[in-house]
$ cat run.txt   # compact mmCIF, N, CA and C atoms
# COMPACT_ATOMS: atom_id res chain seq x y z
N MET A 1 107.78 85.05 29.31
CA MET A 1 108.10 83.67 29.58
C MET A 1 108.47 82.99 28.26
N ASN A 2 109.65 82.37 28.20
CA ASN A 2 110.04 81.72 26.96
C ASN A 2 109.58 80.26 26.95
N GLU A 3 109.81 79.59 25.83
CA GLU A 3 109.34 78.21 25.66
C GLU A 3 109.95 77.26 26.68
N THR A 4 111.24 77.40 26.97
CA THR A 4 111.90 76.52 27.95
C THR A 4 111.29 76.71 29.33
N THR A 5 111.02 77.94 29.73
CA THR A 5 110.42 78.21 31.03
C THR A 5 109.02 77.59 31.11
N THR A 6 108.26 77.69 30.03
CA THR A 6 106.91 77.12 29.99
C THR A 6 106.97 75.61 30.12
N ILE A 7 107.88 74.97 29.39
CA ILE A 7 108.01 73.52 29.46
C ILE A 7 108.43 73.09 30.87
N THR A 8 109.39 73.80 31.46
CA THR A 8 109.83 73.47 32.81
C THR A 8 108.69 73.65 33.81
N SER A 9 107.94 74.73 33.67
CA SER A 9 106.81 74.99 34.55
C SER A 9 105.76 73.88 34.41
N ASP A 10 105.48 73.46 33.19
CA ASP A 10 104.53 72.37 32.96
C ASP A 10 105.04 71.08 33.60
N LEU A 11 106.32 70.82 33.48
CA LEU A 11 106.92 69.62 34.06
C LEU A 11 106.81 69.65 35.59
N VAL A 12 107.12 70.78 36.19
CA VAL A 12 107.01 70.91 37.65
C VAL A 12 105.56 70.70 38.08
N HIS A 13 104.63 71.27 37.35
CA HIS A 13 103.21 71.09 37.66
C HIS A 13 102.82 69.62 37.56
N CYS A 14 103.26 68.95 36.52
CA CYS A 14 102.93 67.52 36.35
C CYS A 14 103.53 66.67 37.46
N VAL A 15 104.76 66.97 37.87
CA VAL A 15 105.39 66.22 38.96
C VAL A 15 104.61 66.46 40.26
N ASP A 16 104.23 67.70 40.52
CA ASP A 16 103.44 68.00 41.72
C ASP A 16 102.12 67.23 41.70
N GLU A 17 101.46 67.22 40.55
CA GLU A 17 100.19 66.49 40.42
C GLU A 17 100.41 64.99 40.61
N PHE A 18 101.49 64.46 40.05
CA PHE A 18 101.82 63.05 40.23
C PHE A 18 102.02 62.73 41.72
N ARG A 19 102.75 63.59 42.43
CA ARG A 19 102.99 63.37 43.85
C ARG A 19 101.68 63.37 44.63
N ARG A 20 100.76 64.27 44.29
CA ARG A 20 99.46 64.32 44.97
C ARG A 20 98.68 63.03 44.74
N VAL A 21 98.59 62.61 43.49
CA VAL A 21 97.85 61.40 43.15
C VAL A 21 98.51 60.16 43.75
N ASP A 22 99.83 60.13 43.73
CA ASP A 22 100.55 59.00 44.31
C ASP A 22 100.30 58.89 45.81
N ALA A 23 100.28 60.01 46.50
CA ALA A 23 100.00 60.01 47.95
C ALA A 23 98.59 59.50 48.22
N GLN A 24 97.62 59.92 47.40
CA GLN A 24 96.24 59.44 47.56
C GLN A 24 96.18 57.93 47.31
N PHE A 25 96.88 57.47 46.28
CA PHE A 25 96.91 56.05 45.95
C PHE A 25 97.52 55.26 47.11
N ALA A 26 98.60 55.75 47.68
CA ALA A 26 99.26 55.07 48.81
C ALA A 26 98.29 54.95 49.99
N ARG A 27 97.52 56.00 50.24
CA ARG A 27 96.54 55.94 51.34
C ARG A 27 95.44 54.91 51.03
N ARG A 28 94.99 54.84 49.78
CA ARG A 28 93.96 53.85 49.42
C ARG A 28 94.51 52.44 49.57
N LEU A 29 95.75 52.22 49.14
CA LEU A 29 96.35 50.89 49.29
C LEU A 29 96.45 50.49 50.75
N ALA A 30 96.90 51.42 51.57
CA ALA A 30 97.03 51.14 53.00
C ALA A 30 95.67 50.80 53.59
N ALA A 31 94.63 51.46 53.12
CA ALA A 31 93.30 51.24 53.66
C ALA A 31 92.78 49.84 53.35
N VAL A 32 93.18 49.27 52.24
CA VAL A 32 92.72 47.93 51.89
C VAL A 32 93.79 46.86 52.17
N ARG A 33 94.86 47.27 52.84
CA ARG A 33 95.95 46.39 53.25
C ARG A 33 96.61 45.70 52.05
N ALA A 34 96.68 46.39 50.94
CA ALA A 34 97.39 45.90 49.77
C ALA A 34 98.89 46.04 50.03
N PRO A 35 99.72 45.48 49.17
CA PRO A 35 101.16 45.61 49.38
C PRO A 35 101.57 47.07 49.50
N ASN A 36 102.38 47.36 50.52
CA ASN A 36 102.87 48.73 50.67
C ASN A 36 104.11 48.92 49.79
N ASP A 37 104.65 50.12 49.81
CA ASP A 37 105.82 50.41 48.97
C ASP A 37 106.98 49.48 49.27
N THR A 38 107.23 49.24 50.53
CA THR A 38 108.34 48.36 50.92
C THR A 38 108.13 46.96 50.36
N ASP A 39 106.91 46.45 50.48
CA ASP A 39 106.61 45.11 49.97
C ASP A 39 106.79 45.04 48.45
N ARG A 40 106.36 46.09 47.74
CA ARG A 40 106.51 46.10 46.28
C ARG A 40 107.98 46.13 45.87
N VAL A 41 108.77 46.96 46.56
CA VAL A 41 110.20 47.03 46.25
C VAL A 41 110.86 45.69 46.58
N ALA A 42 110.48 45.10 47.70
CA ALA A 42 111.04 43.80 48.10
C ALA A 42 110.69 42.73 47.06
N MET A 43 109.44 42.71 46.63
CA MET A 43 109.01 41.70 45.66
C MET A 43 109.73 41.87 44.34
N ARG A 44 109.91 43.10 43.90
CA ARG A 44 110.62 43.34 42.64
C ARG A 44 112.07 42.87 42.75
N PHE A 45 112.72 43.15 43.89
CA PHE A 45 114.11 42.73 44.11
C PHE A 45 114.21 41.20 44.10
N ILE A 46 113.29 40.53 44.76
CA ILE A 46 113.29 39.06 44.80
C ILE A 46 113.04 38.50 43.41
N ALA A 47 112.05 39.06 42.71
CA ALA A 47 111.69 38.56 41.37
C ALA A 47 112.80 38.78 40.35
N ASP A 48 113.58 39.86 40.52
CA ASP A 48 114.63 40.18 39.55
C ASP A 48 115.95 39.45 39.82
N ALA A 49 116.04 38.74 40.94
CA ALA A 49 117.29 38.04 41.27
C ALA A 49 117.52 36.89 40.29
N PRO A 50 118.77 36.67 39.90
CA PRO A 50 119.05 35.53 39.01
C PRO A 50 118.74 34.21 39.71
N ALA A 51 118.33 33.22 38.96
CA ALA A 51 117.97 31.92 39.54
C ALA A 51 119.14 31.30 40.29
N ASP A 52 120.36 31.55 39.82
CA ASP A 52 121.53 30.95 40.47
C ASP A 52 122.06 31.79 41.64
N ALA A 53 121.41 32.91 41.93
CA ALA A 53 121.81 33.77 43.06
C ALA A 53 120.57 34.35 43.73
N PRO A 54 119.74 33.48 44.33
CA PRO A 54 118.51 33.99 44.95
C PRO A 54 118.82 34.91 46.13
N VAL A 55 117.85 35.70 46.48
CA VAL A 55 117.96 36.68 47.55
C VAL A 55 117.86 35.98 48.91
N THR A 56 118.68 36.41 49.84
CA THR A 56 118.58 35.95 51.23
C THR A 56 117.89 37.05 52.04
N PRO A 57 117.40 36.73 53.22
CA PRO A 57 116.83 37.79 54.06
C PRO A 57 117.83 38.93 54.32
N GLY A 58 119.09 38.60 54.50
CA GLY A 58 120.11 39.63 54.69
C GLY A 58 120.28 40.52 53.48
N ASP A 59 120.25 39.90 52.28
CA ASP A 59 120.34 40.69 51.04
C ASP A 59 119.17 41.67 50.95
N LEU A 60 117.98 41.16 51.27
CA LEU A 60 116.78 41.99 51.19
C LEU A 60 116.84 43.13 52.20
N ALA A 61 117.29 42.84 53.42
CA ALA A 61 117.42 43.88 54.44
C ALA A 61 118.38 44.96 53.97
N ALA A 62 119.51 44.56 53.38
CA ALA A 62 120.48 45.53 52.88
C ALA A 62 119.89 46.36 51.75
N HIS A 63 119.17 45.71 50.84
CA HIS A 63 118.57 46.42 49.70
C HIS A 63 117.55 47.46 50.18
N LEU A 64 116.78 47.10 51.19
CA LEU A 64 115.73 47.99 51.69
C LEU A 64 116.25 48.96 52.75
N SER A 65 117.50 48.77 53.15
CA SER A 65 118.10 49.60 54.21
C SER A 65 117.32 49.51 55.51
N VAL A 66 116.97 48.29 55.88
CA VAL A 66 116.30 48.06 57.16
C VAL A 66 117.07 46.98 57.91
N SER A 67 116.79 46.85 59.19
CA SER A 67 117.47 45.85 60.01
C SER A 67 116.99 44.45 59.61
N THR A 68 117.81 43.46 59.91
CA THR A 68 117.40 42.08 59.62
C THR A 68 116.19 41.71 60.46
N ALA A 69 116.05 42.32 61.65
CA ALA A 69 114.87 42.06 62.47
C ALA A 69 113.60 42.59 61.78
N ALA A 70 113.69 43.77 61.18
CA ALA A 70 112.52 44.37 60.52
C ALA A 70 112.13 43.59 59.27
N ILE A 71 113.09 42.93 58.66
CA ILE A 71 112.80 42.22 57.41
C ILE A 71 111.87 41.03 57.64
N THR A 72 111.84 40.53 58.86
CA THR A 72 110.97 39.39 59.19
C THR A 72 109.51 39.72 58.89
N SER A 73 109.07 40.93 59.21
CA SER A 73 107.68 41.32 58.93
C SER A 73 107.40 41.39 57.44
N VAL A 74 108.35 41.90 56.68
CA VAL A 74 108.20 42.00 55.23
C VAL A 74 108.06 40.59 54.65
N ILE A 75 108.95 39.70 55.05
CA ILE A 75 108.92 38.33 54.53
C ILE A 75 107.61 37.65 54.90
N ARG A 76 107.15 37.83 56.13
CA ARG A 76 105.90 37.23 56.57
C ARG A 76 104.72 37.71 55.71
N ARG A 77 104.67 39.04 55.46
CA ARG A 77 103.56 39.56 54.63
C ARG A 77 103.59 38.98 53.22
N LEU A 78 104.78 38.91 52.63
CA LEU A 78 104.89 38.36 51.27
C LEU A 78 104.50 36.89 51.23
N GLN A 79 104.88 36.14 52.28
CA GLN A 79 104.49 34.73 52.36
C GLN A 79 102.98 34.59 52.52
N GLU A 80 102.40 35.40 53.40
CA GLU A 80 100.95 35.32 53.65
C GLU A 80 100.13 35.61 52.40
N ARG A 81 100.64 36.49 51.53
CA ARG A 81 99.94 36.79 50.28
C ARG A 81 100.29 35.78 49.18
N GLY A 82 101.14 34.82 49.48
CA GLY A 82 101.49 33.80 48.50
C GLY A 82 102.42 34.30 47.41
N GLN A 83 103.15 35.39 47.67
CA GLN A 83 104.02 35.96 46.65
C GLN A 83 105.42 35.35 46.64
N ILE A 84 105.87 34.84 47.79
CA ILE A 84 107.21 34.26 47.85
C ILE A 84 107.18 32.91 48.54
N VAL A 85 108.25 32.17 48.29
CA VAL A 85 108.51 30.91 48.97
C VAL A 85 109.85 31.08 49.68
N VAL A 86 109.90 30.67 50.95
CA VAL A 86 111.15 30.71 51.71
C VAL A 86 111.66 29.28 51.76
N ALA A 87 112.90 29.10 51.28
CA ALA A 87 113.48 27.76 51.20
C ALA A 87 114.86 27.75 51.84
N PRO A 88 115.34 26.56 52.20
CA PRO A 88 116.70 26.48 52.75
C PRO A 88 117.72 26.93 51.70
N HIS A 89 118.75 27.60 52.15
CA HIS A 89 119.84 28.03 51.25
C HIS A 89 120.58 26.78 50.78
N PRO A 90 120.82 26.65 49.48
CA PRO A 90 121.46 25.43 48.96
C PRO A 90 122.90 25.23 49.45
N ALA A 91 123.59 26.32 49.79
CA ALA A 91 125.00 26.20 50.19
C ALA A 91 125.24 26.48 51.67
N ASP A 92 124.24 26.99 52.38
CA ASP A 92 124.42 27.37 53.78
C ASP A 92 123.17 26.97 54.56
N ALA A 93 123.26 25.87 55.28
CA ALA A 93 122.10 25.34 56.00
C ALA A 93 121.56 26.30 57.05
N ARG A 94 122.35 27.28 57.48
CA ARG A 94 121.89 28.24 58.48
C ARG A 94 121.07 29.36 57.87
N SER A 95 121.07 29.47 56.56
CA SER A 95 120.41 30.59 55.89
C SER A 95 119.21 30.12 55.07
N LYS A 96 118.44 31.08 54.62
CA LYS A 96 117.27 30.83 53.78
C LYS A 96 117.42 31.63 52.48
N VAL A 97 116.67 31.23 51.46
CA VAL A 97 116.59 32.00 50.23
C VAL A 97 115.12 32.35 49.98
N LEU A 98 114.92 33.46 49.31
CA LEU A 98 113.58 33.95 49.00
C LEU A 98 113.38 33.90 47.50
N ARG A 99 112.34 33.22 47.08
CA ARG A 99 112.05 33.10 45.65
C ARG A 99 110.60 33.48 45.40
N PRO A 100 110.32 34.02 44.20
CA PRO A 100 108.91 34.30 43.87
C PRO A 100 108.14 32.98 43.83
N SER A 101 106.89 33.00 44.25
CA SER A 101 106.08 31.79 44.15
C SER A 101 105.80 31.51 42.68
N LEU A 102 105.44 30.29 42.38
CA LEU A 102 105.13 29.95 40.99
C LEU A 102 103.99 30.80 40.46
N ARG A 103 103.08 31.17 41.34
CA ARG A 103 101.95 32.01 40.95
C ARG A 103 102.43 33.35 40.42
N ASP A 104 103.52 33.89 41.02
CA ASP A 104 103.98 35.22 40.66
C ASP A 104 105.20 35.24 39.75
N ILE A 105 105.74 34.09 39.43
CA ILE A 105 107.02 34.09 38.72
C ILE A 105 106.96 34.75 37.35
N ASN A 106 105.81 34.65 36.67
CA ASN A 106 105.68 35.24 35.34
C ASN A 106 104.67 36.37 35.29
N SER A 107 104.30 36.91 36.43
CA SER A 107 103.31 37.98 36.42
C SER A 107 103.82 39.17 37.22
N PRO A 108 103.35 40.37 36.88
CA PRO A 108 103.75 41.54 37.65
C PRO A 108 103.25 41.43 39.08
N VAL A 109 103.87 42.18 39.95
CA VAL A 109 103.56 42.12 41.37
C VAL A 109 102.14 42.61 41.65
N ASP A 110 101.69 43.62 40.97
CA ASP A 110 100.38 44.18 41.27
C ASP A 110 99.80 44.88 40.04
N ASP A 111 98.58 45.35 40.21
CA ASP A 111 97.88 46.00 39.10
C ASP A 111 98.60 47.25 38.62
N LEU A 112 99.17 48.02 39.53
CA LEU A 112 99.89 49.23 39.13
C LEU A 112 101.06 48.89 38.21
N THR A 113 101.79 47.83 38.55
CA THR A 113 102.93 47.42 37.71
C THR A 113 102.45 47.09 36.30
N ARG A 114 101.34 46.37 36.19
CA ARG A 114 100.79 46.04 34.86
C ARG A 114 100.43 47.30 34.09
N ARG A 115 99.84 48.26 34.78
CA ARG A 115 99.45 49.51 34.12
C ARG A 115 100.67 50.32 33.69
N VAL A 116 101.70 50.36 34.54
CA VAL A 116 102.93 51.08 34.18
C VAL A 116 103.56 50.43 32.95
N GLU A 117 103.60 49.10 32.92
CA GLU A 117 104.16 48.41 31.77
C GLU A 117 103.37 48.72 30.50
N ALA A 118 102.04 48.77 30.60
CA ALA A 118 101.21 49.08 29.43
C ALA A 118 101.47 50.50 28.94
N ILE A 119 101.58 51.44 29.86
CA ILE A 119 101.88 52.83 29.46
C ILE A 119 103.25 52.89 28.81
N GLY A 120 104.22 52.18 29.36
CA GLY A 120 105.57 52.17 28.81
C GLY A 120 105.62 51.71 27.37
N GLU A 121 104.71 50.83 27.00
CA GLU A 121 104.67 50.32 25.62
C GLU A 121 104.21 51.39 24.62
N GLU A 122 103.67 52.50 25.12
CA GLU A 122 103.22 53.58 24.23
C GLU A 122 104.38 54.42 23.69
N PHE A 123 105.58 54.25 24.27
CA PHE A 123 106.70 55.10 23.93
C PHE A 123 107.78 54.36 23.15
N THR A 124 108.49 55.08 22.33
CA THR A 124 109.61 54.49 21.60
C THR A 124 110.75 54.24 22.58
N PRO A 125 111.71 53.40 22.21
CA PRO A 125 112.87 53.19 23.09
C PRO A 125 113.61 54.50 23.41
N GLU A 126 113.69 55.39 22.44
CA GLU A 126 114.37 56.67 22.67
C GLU A 126 113.59 57.53 23.68
N GLN A 127 112.27 57.57 23.54
CA GLN A 127 111.45 58.32 24.49
C GLN A 127 111.54 57.71 25.89
N THR A 128 111.52 56.40 25.94
CA THR A 128 111.63 55.70 27.22
C THR A 128 112.96 56.02 27.89
N ALA A 129 114.03 56.11 27.11
CA ALA A 129 115.34 56.43 27.67
C ALA A 129 115.33 57.83 28.31
N VAL A 130 114.68 58.79 27.66
CA VAL A 130 114.60 60.15 28.20
C VAL A 130 113.75 60.17 29.47
N ILE A 131 112.61 59.51 29.43
CA ILE A 131 111.73 59.46 30.60
C ILE A 131 112.46 58.78 31.77
N THR A 132 113.13 57.69 31.48
CA THR A 132 113.87 56.96 32.51
C THR A 132 114.96 57.83 33.12
N ARG A 133 115.68 58.55 32.26
CA ARG A 133 116.73 59.45 32.77
C ARG A 133 116.13 60.51 33.69
N PHE A 134 115.01 61.10 33.29
CA PHE A 134 114.35 62.11 34.11
C PHE A 134 113.93 61.51 35.46
N LEU A 135 113.28 60.35 35.43
CA LEU A 135 112.81 59.75 36.68
C LEU A 135 113.97 59.35 37.59
N ARG A 136 115.05 58.84 37.02
CA ARG A 136 116.23 58.51 37.85
C ARG A 136 116.81 59.75 38.50
N ARG A 137 116.91 60.84 37.72
CA ARG A 137 117.44 62.09 38.29
C ARG A 137 116.51 62.64 39.36
N LEU A 138 115.22 62.58 39.13
CA LEU A 138 114.26 63.04 40.12
C LEU A 138 114.37 62.20 41.39
N THR A 139 114.49 60.90 41.23
CA THR A 139 114.65 60.00 42.38
C THR A 139 115.91 60.34 43.16
N GLU A 140 117.01 60.58 42.47
CA GLU A 140 118.26 60.95 43.13
C GLU A 140 118.10 62.25 43.92
N GLU A 141 117.45 63.22 43.32
CA GLU A 141 117.26 64.51 43.99
C GLU A 141 116.39 64.37 45.24
N ILE A 142 115.32 63.62 45.12
CA ILE A 142 114.44 63.40 46.27
C ILE A 142 115.18 62.63 47.35
N ASP A 143 115.95 61.63 46.95
CA ASP A 143 116.70 60.82 47.91
C ASP A 143 117.75 61.64 48.65
N ASP A 144 118.28 62.67 48.01
CA ASP A 144 119.31 63.52 48.63
C ASP A 144 118.73 64.58 49.56
N LEU A 145 117.42 64.79 49.54
CA LEU A 145 116.83 65.81 50.41
C LEU A 145 116.93 65.37 51.87
N PRO A 146 117.14 66.33 52.78
CA PRO A 146 117.23 65.97 54.20
C PRO A 146 115.91 65.49 54.76

$ encode --input "run.txt" --output "structure tokens"
Amino acid sequence: MNETTTITSDLVHCVDEFRRVDAQFARRLAAVRAPNDTDRVAMRFIADAPADAPVTPGDLAAHLSVSTAAITSVIRRLQERGQIVVAPHPADARSKVLRPSLRDINSPVDDLTRRVEAIGEEFTPEQTAVITRFLRRLTEEIDDLP
């Protein structure tokens, strides 16, 4: 076994271990009714929107690849937790816009996000670029699986 094979094997093992721990974490979150993956992705999308182009329910449905009917439950959960405010659309009275609540506007969505950010600070920009490239490629590969 050469060095490249060993490194690849270690990487595969680490990804497998990450997947196991992530699945356990997802089950624990579900058990305590914390934000699910969809809610976290939705909140990040809403929080990252420019102030002059807030997210609409239709935008969020398209981003999450769910029906506009299904997005109603997501919006309701985010509102109930006080994470978003639903307001009239400034240019279209028939539509609404979704904005982060003042409570969440300058804070991460959840404890995991804060921990990921803290870990990210341990790496140089160059290391972060490599890790990011790996995670994006891994995400693409997983997304392409049937």

$ select_by_dssp --input "run.txt" --residues "segment 50-109 of chain A" --states "strand (DSSP E or B)" --output "MDAnalysis selection string"
chainID A and resid 55 84:88 96:100

$ residues_around --input "run.txt" --residues "segment 91-102 of chain A" --least-positions-apart "4" --cutoff "6 Å" --atoms "only C-alpha atoms" --output "PDB file with N, CA and C atoms, keeping the file's coordinate frame"
ATOM      1  N   ALA A  47     112.050  39.060  42.710  1.00  0.00           N
ATOM      2  CA  ALA A  47     111.690  38.560  41.370  1.00  0.00           C
ATOM      3  C   ALA A  47     112.800  38.780  40.350  1.00  0.00           C
ATOM      4  N   PRO A  54     119.740  33.480  44.330  1.00  0.00           N
ATOM      5  CA  PRO A  54     118.510  33.990  44.950  1.00  0.00           C
ATOM      6  C   PRO A  54     118.820  34.910  46.130  1.00  0.00           C
ATOM      7  N   VAL A  55     117.850  35.700  46.480  1.00  0.00           N
ATOM      8  CA  VAL A  55     117.960  36.680  47.550  1.00  0.00           C
ATOM      9  C   VAL A  55     117.860  35.980  48.910  1.00  0.00           C
ATOM     10  N   THR A  56     118.680  36.410  49.840  1.00  0.00           N
ATOM     11  CA  THR A  56     118.580  35.950  51.230  1.00  0.00           C
ATOM     12  C   THR A  56     117.890  37.050  52.040  1.00  0.00           C
ATOM     13  N   GLN A  83     103.150  35.390  47.670  1.00  0.00           N
ATOM     14  CA  GLN A  83     104.020  35.960  46.650  1.00  0.00           C
ATOM     15  C   GLN A  83     105.420  35.350  46.640  1.00  0.00           C
ATOM     16  N   ILE A  84     105.870  34.840  47.790  1.00  0.00           N
ATOM     17  CA  ILE A  84     107.210  34.260  47.850  1.00  0.00           C
ATOM     18  C   ILE A  84     107.180  32.910  48.540  1.00  0.00           C
ATOM     19  N   VAL A  85     108.250  32.170  48.290  1.00  0.00           N
ATOM     20  CA  VAL A  85     108.510  30.910  48.970  1.00  0.00           C
ATOM     21  C   VAL A  85     109.850  31.080  49.680  1.00  0.00           C
ATOM     22  N   VAL A  86     109.900  30.670  50.950  1.00  0.00           N
ATOM     23  CA  VAL A  86     111.150  30.710  51.710  1.00  0.00           C
ATOM     24  C   VAL A  86     111.660  29.280  51.760  1.00  0.00           C
ATOM     25  N   ALA A  87     112.900  29.100  51.280  1.00  0.00           N
ATOM     26  CA  ALA A  87     113.480  27.760  51.200  1.00  0.00           C
ATOM     27  C   ALA A  87     114.860  27.750  51.840  1.00  0.00           C
TER      28      ALA A  87
END

$ select_by_dssp --input "run.txt" --residues "segment 20-110 of chain A" --states "alpha helix (DSSP H)" --output "PyMOL selection string"
chain A and resi 20-31+37-48+57-64+68-80

$ atom_distance --input "run.txt" --atom1 "atom CA of Asp144 of chain A" --atom2 "atom N of Asp16 of chain A"
17.6 Å

$ atom_distance --input "run.txt" --atom1 "atom CA of Ile71 of chain A" --atom2 "atom CA of Gly58 of chain A"
8.2 Å

$ closest_residue --input "run.txt" --among "A:Ala42, A:Val116, A:Pro88, A:Glu141" --to "Val74 of chain A" --atoms "all atoms listed in the file"
A:Ala42

$ axis_aligned_box --input "run.txt" --around "segment 71-74 of chain A" --padding-each-side "3 Å" --output "lines of an AutoDock Vina configuration file"
center_x = 110.2
center_y = 41.2
center_z = 56.9
size_x = 11.7
size_y = 9.5
size_z = 10.6

$ atom_distance --input "run.txt" --atom1 "atom CA of Thr113 of chain A" --atom2 "atom C of Asp39 of chain A"
11.7 Å

$ closest_residue --input "run.txt" --among "A:Asp143, A:Ala26, A:Arg136, A:Thr128" --to "Arg40 of chain A" --atoms "only C-alpha atoms"
A:Ala26

$ residues_around --input "run.txt" --residues "Leu64 of chain A" --least-positions-apart "3" --cutoff "8 Å" --atoms "only N, CA and C atoms" --output "list in words"
Thr38, Val41, Ala42, Gly58, Asp59, Leu60, Ala61 and Ser67 of chain A

$ write_last_selection --input "run.txt" --atoms "N, CA and C atoms" --output "CSV table (one decimal), in the frame of the given file"
chain,number,residue,atom,x,y,z
A,38,THR,N,107.2,49.2,50.5
A,38,THR,CA,108.3,48.4,50.9
A,38,THR,C,108.1,47.0,50.4
A,41,VAL,N,108.8,47.0,46.6
A,41,VAL,CA,110.2,47.0,46.2
A,41,VAL,C,110.9,45.7,46.6
A,42,ALA,N,110.5,45.1,47.7
A,42,ALA,CA,111.0,43.8,48.1
A,42,ALA,C,110.7,42.7,47.1
A,58,GLY,N,119.1,38.6,54.5
A,58,GLY,CA,120.1,39.6,54.7
A,58,GLY,C,120.3,40.5,53.5
A,59,ASP,N,120.2,39.9,52.3
A,59,ASP,CA,120.3,40.7,51.0
A,59,ASP,C,119.2,41.7,51.0
A,60,LEU,N,118.0,41.2,51.3
A,60,LEU,CA,116.8,42.0,51.2
A,60,LEU,C,116.8,43.1,52.2
A,61,ALA,N,117.3,42.8,53.4
A,61,ALA,CA,117.4,43.9,54.4
A,61,ALA,C,118.4,45.0,54.0
A,67,SER,N,116.8,46.8,59.2
A,67,SER,CA,117.5,45.8,60.0
A,67,SER,C,117.0,44.4,59.6
